[in-house]
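Novice: What follows is the file model-v3.cif, containing mmCIF, C-alpha atoms:
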```cif
data_entry
loop_
_atom_site.label_atom_id
_atom_site.label_comp_id
_atom_site.auth_asym_id
_atom_site.auth_seq_id
_atom_site.Cartn_x
_atom_site.Cartn_y
_atom_site.Cartn_z
CA MET A 1 119.67 60.91 73.92
CA VAL A 2 122.31 59.53 71.56
CA HIS A 3 125.07 61.23 73.53
CA ALA A 4 123.75 59.60 76.73
CA LEU A 5 123.78 56.20 75.01
CA GLY A 6 127.41 56.85 74.11
CA GLU A 7 128.19 57.65 77.74
CA ILE A 8 126.50 54.44 78.84
CA HIS A 9 128.55 52.54 76.27
CA ARG A 10 131.70 54.06 77.76
CA VAL A 11 130.98 53.02 81.35
CA LEU A 12 129.92 49.47 80.44
CA LYS A 13 132.43 46.64 80.63
CA PRO A 14 133.37 45.11 77.23
CA HIS A 15 130.64 42.48 77.40
CA GLY A 16 128.21 44.53 79.41
CA MET A 17 124.57 44.92 78.57
CA LEU A 18 122.04 47.70 78.38
CA ILE A 19 118.46 47.07 79.45
CA ASP A 20 115.87 49.51 78.15
CA ILE A 21 112.53 49.21 79.91
CA ARG A 22 109.76 51.71 79.17
CA SER A 23 106.08 52.11 78.59
CA ILE A 24 104.82 52.36 75.02
CA ALA A 25 101.82 54.53 74.16
CA SER A 26 99.24 52.14 72.71
CA ALA A 27 95.74 53.22 73.78
CA TRP A 28 95.91 51.42 77.12
CA PRO A 29 92.60 49.81 78.13
CA VAL A 30 90.62 50.91 81.17
CA GLU A 31 88.92 47.95 82.82
CA VAL A 32 86.49 47.41 85.66
CA VAL A 33 87.81 44.52 87.70
CA THR A 34 85.92 42.49 90.30
CA ASN A 35 86.79 39.19 91.94
CA ASN A 36 85.20 37.21 89.14
CA LYS A 37 85.05 39.51 86.14
CA VAL A 38 87.11 41.91 84.03
CA VAL A 39 85.22 44.28 81.74
CA LYS A 40 86.98 46.55 79.26
CA THR A 41 85.15 49.86 79.38
CA ALA A 42 87.33 52.33 77.52
CA TRP A 43 90.74 53.09 76.06
CA LEU A 44 93.01 56.01 76.90
CA THR A 45 93.92 58.46 74.18
CA ASP A 46 97.63 58.67 73.41
CA ASP A 47 98.66 62.31 73.17
CA PRO A 48 100.89 63.13 70.17
CA SER A 49 103.80 63.97 72.49
CA ALA A 50 103.72 60.45 73.97
CA ILE A 51 103.91 58.91 70.51
CA GLU A 52 106.69 61.31 69.53
CA ASP A 53 108.65 60.40 72.68
CA ASP A 54 108.44 56.70 71.79
CA LEU A 55 109.60 57.39 68.24
CA ALA A 56 112.47 59.58 69.46
CA ALA A 57 113.63 56.83 71.82
CA ASN A 58 113.48 54.26 69.01
CA ARG A 59 115.43 56.57 66.72
CA ALA A 60 118.10 57.12 69.37
CA MET A 61 118.58 53.37 69.85
CA SER A 62 118.74 52.84 66.07
CA GLU A 63 121.39 55.54 65.83
CA ALA A 64 123.39 53.96 68.67
CA GLU A 65 123.14 50.60 66.90
CA SER A 66 124.26 52.07 63.57
CA ARG A 67 127.27 53.64 65.30
CA GLY A 68 128.32 50.15 66.33
CA TRP A 69 127.79 50.64 70.07
CA TYR A 70 125.15 47.98 70.73
CA HIS A 71 123.47 44.99 69.17
CA LYS A 72 119.96 43.91 70.03
CA GLN A 73 119.83 40.57 71.85
CA LYS A 74 116.24 40.22 72.91
CA ALA A 75 113.02 42.24 73.07
CA ASP A 76 109.53 41.61 74.35
CA PHE A 77 106.31 43.31 75.40
CA PHE A 78 104.42 42.68 78.60
CA ASN A 79 101.62 44.30 80.58
CA CYS A 80 101.92 46.16 83.85
CA ASN A 81 98.67 46.88 85.66
CA TYR A 82 97.79 49.94 87.73
CA TYR A 83 94.71 49.73 90.00
CA TRP A 84 92.56 52.39 91.68
CA ASP A 85 89.64 52.00 94.06
CA THR A 86 87.53 54.74 92.47
CA PRO A 87 87.18 56.52 89.11
CA SER A 88 87.94 59.92 90.65
CA GLU A 89 91.26 58.65 92.06
CA MET A 90 92.15 57.23 88.66
CA LEU A 91 91.27 60.51 86.94
CA GLU A 92 93.31 62.52 89.45
CA TYR A 93 96.34 60.33 88.72
CA LEU A 94 95.85 60.68 84.97
CA GLN A 95 95.63 64.45 85.23
CA THR A 96 98.65 64.84 87.47
CA GLU A 97 101.08 62.08 86.47
CA TRP A 98 100.24 61.39 82.85
CA GLN A 99 99.23 64.86 81.73
CA GLY A 100 100.46 65.47 78.20
CA PHE A 101 100.91 61.73 77.56
CA GLU A 102 97.62 59.93 78.12
CA SER A 103 94.11 61.29 78.52
CA LEU A 104 90.49 60.29 78.91
CA ASP A 105 87.79 62.55 77.49
CA GLU A 106 84.75 63.50 79.55
CA SER A 107 82.21 61.24 77.86
CA THR A 108 84.53 58.22 78.03
CA PHE A 109 85.18 58.94 81.69
CA GLY A 110 81.41 59.03 82.21
CA ARG A 111 81.17 55.56 80.68
CA VAL A 112 83.90 54.31 83.01
CA LYS A 113 82.09 55.75 86.04
CA SER A 114 78.82 54.10 85.03
CA ALA A 115 80.44 50.72 84.48
CA TRP A 116 82.22 50.92 87.85
CA ALA A 117 79.06 52.04 89.69
CA SER A 118 76.98 49.20 88.27
CA ALA A 119 79.61 46.53 89.05
CA ASP A 120 79.90 44.55 92.29
CA GLY A 121 80.95 46.36 95.48
CA ASP A 122 84.56 45.19 95.26
CA ALA A 123 85.04 46.71 91.80
CA ARG A 124 88.29 48.51 91.06
CA LEU A 125 89.62 50.30 87.99
CA ARG A 126 92.58 48.93 86.13
CA ILE A 127 94.74 50.42 83.39
CA SER A 128 96.94 47.91 81.66
CA LEU A 129 100.16 49.56 80.44
CA THR A 130 102.14 48.13 77.56
CA ILE A 131 105.81 47.81 78.48
CA LEU A 132 108.68 47.19 76.10
CA ILE A 133 111.82 45.58 77.46
CA THR A 134 114.91 45.27 75.29
CA ARG A 135 118.33 43.83 76.04
CA TRP A 136 121.26 45.26 74.11
CA GLY A 137 124.77 43.86 74.21
CA LYS A 138 127.72 46.23 74.17
CA LYS A 139 129.69 45.88 70.98
CA VAL A 140 133.42 45.92 71.37
CA GLY A 141 135.48 47.88 68.86
CA LEU A 142 136.87 46.22 65.74
CA ARG A 143 140.46 46.51 66.95
CA LYS A 144 139.58 44.82 70.22
CA SER A 145 137.63 42.10 68.38
CA ILE A 146 140.64 41.29 66.22
CA LEU A 147 142.95 41.20 69.22
CA THR A 148 140.73 38.72 71.00
CA LEU A 149 140.59 36.28 68.05
CA MET B 150 95.28 57.99 96.64
CA SER B 151 94.68 54.27 96.40
CA LEU B 152 96.96 53.50 93.47
CA ASP B 153 98.28 49.95 93.45
CA LYS B 154 101.09 49.59 90.88
CA ASP B 155 101.76 46.22 89.33
CA PRO B 156 100.59 43.99 92.21
CA GLU B 157 101.06 40.96 89.93
CA GLY B 158 104.80 41.71 89.76
CA GLY B 159 104.99 41.63 85.97
CA GLU B 160 107.75 44.18 85.81
CA LYS B 161 110.01 42.37 88.28
CA ARG B 162 109.34 38.99 86.68
CA ASN B 163 110.15 40.21 83.18
CA LEU B 164 113.22 42.14 84.30
CA HIS B 165 114.71 39.03 85.89
CA ARG B 166 113.72 36.98 82.85
CA PHE B 167 115.85 39.27 80.71
CA VAL B 168 118.93 39.65 82.86
CA ASP B 169 120.74 37.88 85.67
CA PHE B 170 121.73 40.51 88.25
CA GLU B 171 123.58 38.07 90.48
CA GLY B 172 126.97 39.50 91.47
CA LYS B 173 126.79 42.27 88.86
CA ARG B 174 127.62 45.96 89.11
CA VAL B 175 124.54 47.83 87.95
CA LEU B 176 123.96 51.42 86.86
CA GLU B 177 120.31 52.49 86.80
CA ILE B 178 119.59 55.68 84.89
CA GLY B 179 116.42 57.49 85.87
CA CYS B 180 115.96 55.60 89.13
CA GLY B 181 113.64 58.24 90.63
CA GLU B 182 112.41 57.13 94.04
CA GLY B 183 113.92 53.66 93.59
CA ARG B 184 110.69 51.87 92.74
CA LEU B 185 112.45 49.62 90.20
CA THR B 186 115.78 49.56 92.05
CA TRP B 187 114.44 47.50 94.95
CA LYS B 188 113.23 44.83 92.53
CA TYR B 189 116.77 43.71 91.64
CA ALA B 190 119.33 45.45 93.88
CA GLY B 191 119.30 42.59 96.36
CA ALA B 192 120.80 40.26 93.76
CA SER B 193 123.41 42.71 92.49
CA LEU B 194 126.93 43.16 93.80
CA ARG B 195 126.53 46.95 93.81
CA THR B 196 123.89 49.25 92.37
CA PHE B 197 124.26 52.93 91.51
CA GLY B 198 121.01 54.81 90.92
CA LEU B 199 121.19 58.06 88.98
CA ASP B 200 118.56 60.74 88.66
CA PRO B 201 118.63 64.51 88.22
CA ASP B 202 115.67 64.88 90.61
CA LEU B 203 117.16 65.42 94.07
CA ALA B 204 113.78 65.23 95.84
CA ALA B 205 113.13 61.80 94.33
CA LEU B 206 116.60 60.62 95.36
CA ARG B 207 115.97 61.74 98.95
CA ILE B 208 112.93 59.45 99.00
CA ALA B 209 114.97 56.62 97.47
CA ARG B 210 117.63 57.01 100.17
CA ALA B 211 115.07 57.25 102.96
CA ASP B 212 113.20 54.19 101.70
CA SER B 213 116.29 52.02 101.20
CA PRO B 214 115.60 48.61 102.73
CA SER B 215 118.09 48.12 105.56
CA GLY B 216 119.71 45.10 103.92
CA LEU B 217 120.42 47.03 100.72
CA ARG B 218 121.89 50.25 102.11
CA THR B 219 125.47 49.10 101.82
CA LYS B 220 125.14 47.87 98.25
CA SER B 221 123.10 50.72 96.75
CA LYS B 222 124.12 54.32 96.20
CA PHE B 223 122.09 57.19 94.74
CA ILE B 224 123.67 60.04 92.84
CA CYS B 225 122.13 63.24 91.55
CA ALA B 226 123.22 63.36 87.91
CA GLY B 227 121.98 63.03 84.37
CA ALA B 228 123.13 60.58 81.72
CA GLN B 229 124.80 63.18 79.51
CA ASP B 230 128.01 63.14 81.52
CA LEU B 231 128.25 60.05 83.70
CA PRO B 232 130.47 60.54 86.76
CA PHE B 233 132.19 57.15 86.43
CA SER B 234 135.35 55.86 84.86
CA SER B 235 135.17 53.68 81.76
CA GLY B 236 134.28 50.00 81.91
CA MET B 237 132.85 49.97 85.43
CA PHE B 238 129.47 48.31 84.96
CA ASP B 239 128.16 44.92 83.87
CA ILE B 240 124.62 46.22 83.39
CA ALA B 241 123.13 49.61 82.60
CA LEU B 242 119.40 49.92 83.10
CA LEU B 243 117.37 52.66 81.46
CA ALA B 244 114.40 52.78 83.78
CA TRP B 245 111.54 54.35 81.83
CA SER B 246 114.01 57.07 80.95
CA LEU B 247 114.97 56.81 77.28
#
```
Can you turn what I pasted into structure tokens?

Specialist:
Amino acid sequence: MVHALGEIHRVLKPHGMLIDIRSIASAWPVEVVTNNKVVKTAWLTDDPSAIEDDLAANRAMSEAESRGWYHKQKADFFNCNYYWDTPSEMLEYLQTEWQGFESLDESTFGRVKSAWASADGDARLRISLTILITRWGKKVGLRKSILTL
Amino acid sequence: MSLDKDPEGGEKRNLHRFVDFEGKRVLEIGCGEGRLTWKYAGASLRTFGLDPDLAALRIARADSPSGLRTKSKFICAGAQDLPFSSGMFDIALLAWSL
């Protein structure tokens, strides 16, 4: 990861910027959403590998910063929502796309199904992902900084 | 499958809040099928999308909006050894790939 950040630093222009946008494992809520109501019914379980991936990414950026390649300019969290029409479609997605990162145990899934079934006919399932976006500025080398003074 | 990803446009809104793509040369690492690419490429001068997954890149190429074909290019490569000369890009975007 750190080597890749060095490569990115190389191909950026002197005042270029690096944008890091990624999801952060944080027990994302599962909600039943209708036209007039949103009900939180459960939370996904973050698998240890998802947490470790986040930590490894943070470590790599810290290392790149300590090597003088980048400086943090701005960071923020926001939510990104994924919707499904039915619980089974949501579960299928979880088991295929997020396997090894996020999971929902059987009893919690049962609770989600019940909440969805007892909601209005237009009810959908929503998982609200936590996204971290960070803007890093490319640091120019000391020699170049002195020359530009 | 009835998945509807980010219909509120939170990702696009926040991306543009953080960076002005207007007239910039952009390198997107981990572009996959181009889901994020199409949210900013229209504003950029030129966008290069990189991904080691050739199948995903084929979809990205096939799905390129007609107005963006000339300004976007997809390359099968990883970030460990970028096939570009130094100092080429104004913006590098790590798209869910760090």

Novice: In Å to one decimal, how far is atom CA of Gly181 of chain B from atom CA of Ser26 of chain A?

Specialist: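 If I compute the distance from atom CA of Ser26 of chain A to atom CA of Gly181 of chain B, I get 23.8 Å.
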
Novice: One decimal, in Å: what's the spacing between atom CA of Ser151 of chain B and atom CA of Ile127 of chain A?

Specialist: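 Rounded to one decimal, the two atoms are 13.6 Å apart.
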
Novice: Which residues are near segment 80-96 of chain A? Cut-off 10 Å, all atoms listed in the file, ignore same chain within fewer than 5 positions. Put them as a ChimeraX atom specification.

Specialist: /A:23,30-33,44,101-104,109-110,112-114,116-117,122-131 /B:150-161

Novice: Can you tell me which residues surround segment 209-213 of chain B at a distance of at most 8 Å, considering only C-alpha atoms, apart from same-chain residues fewer than 6 positions away, and format the answer as number ranges by chain?

Specialist: B: 181-184, 187, 223

Novice: Tell me as a ChimeraX atom specification which residues belonging to chain B come within 6 Å of chain A, counting all atoms listed in the file.

Specialist: /B:151-155,159,228-229,235-245,247

Novice: Between atom CA of Pro201 of chain B and atom CA of Gly227 of chain B, what is the distance, to one decimal in Å?

Specialist: 5.3 Å

Novice: Using only C-alpha atoms, pick whichever of B:Tyr189, B:Cys180, B:Phe197, B:Ala205 has the shortest atom-to-atom distance to Phe167 of chain B.

Specialist: B:Tyr189
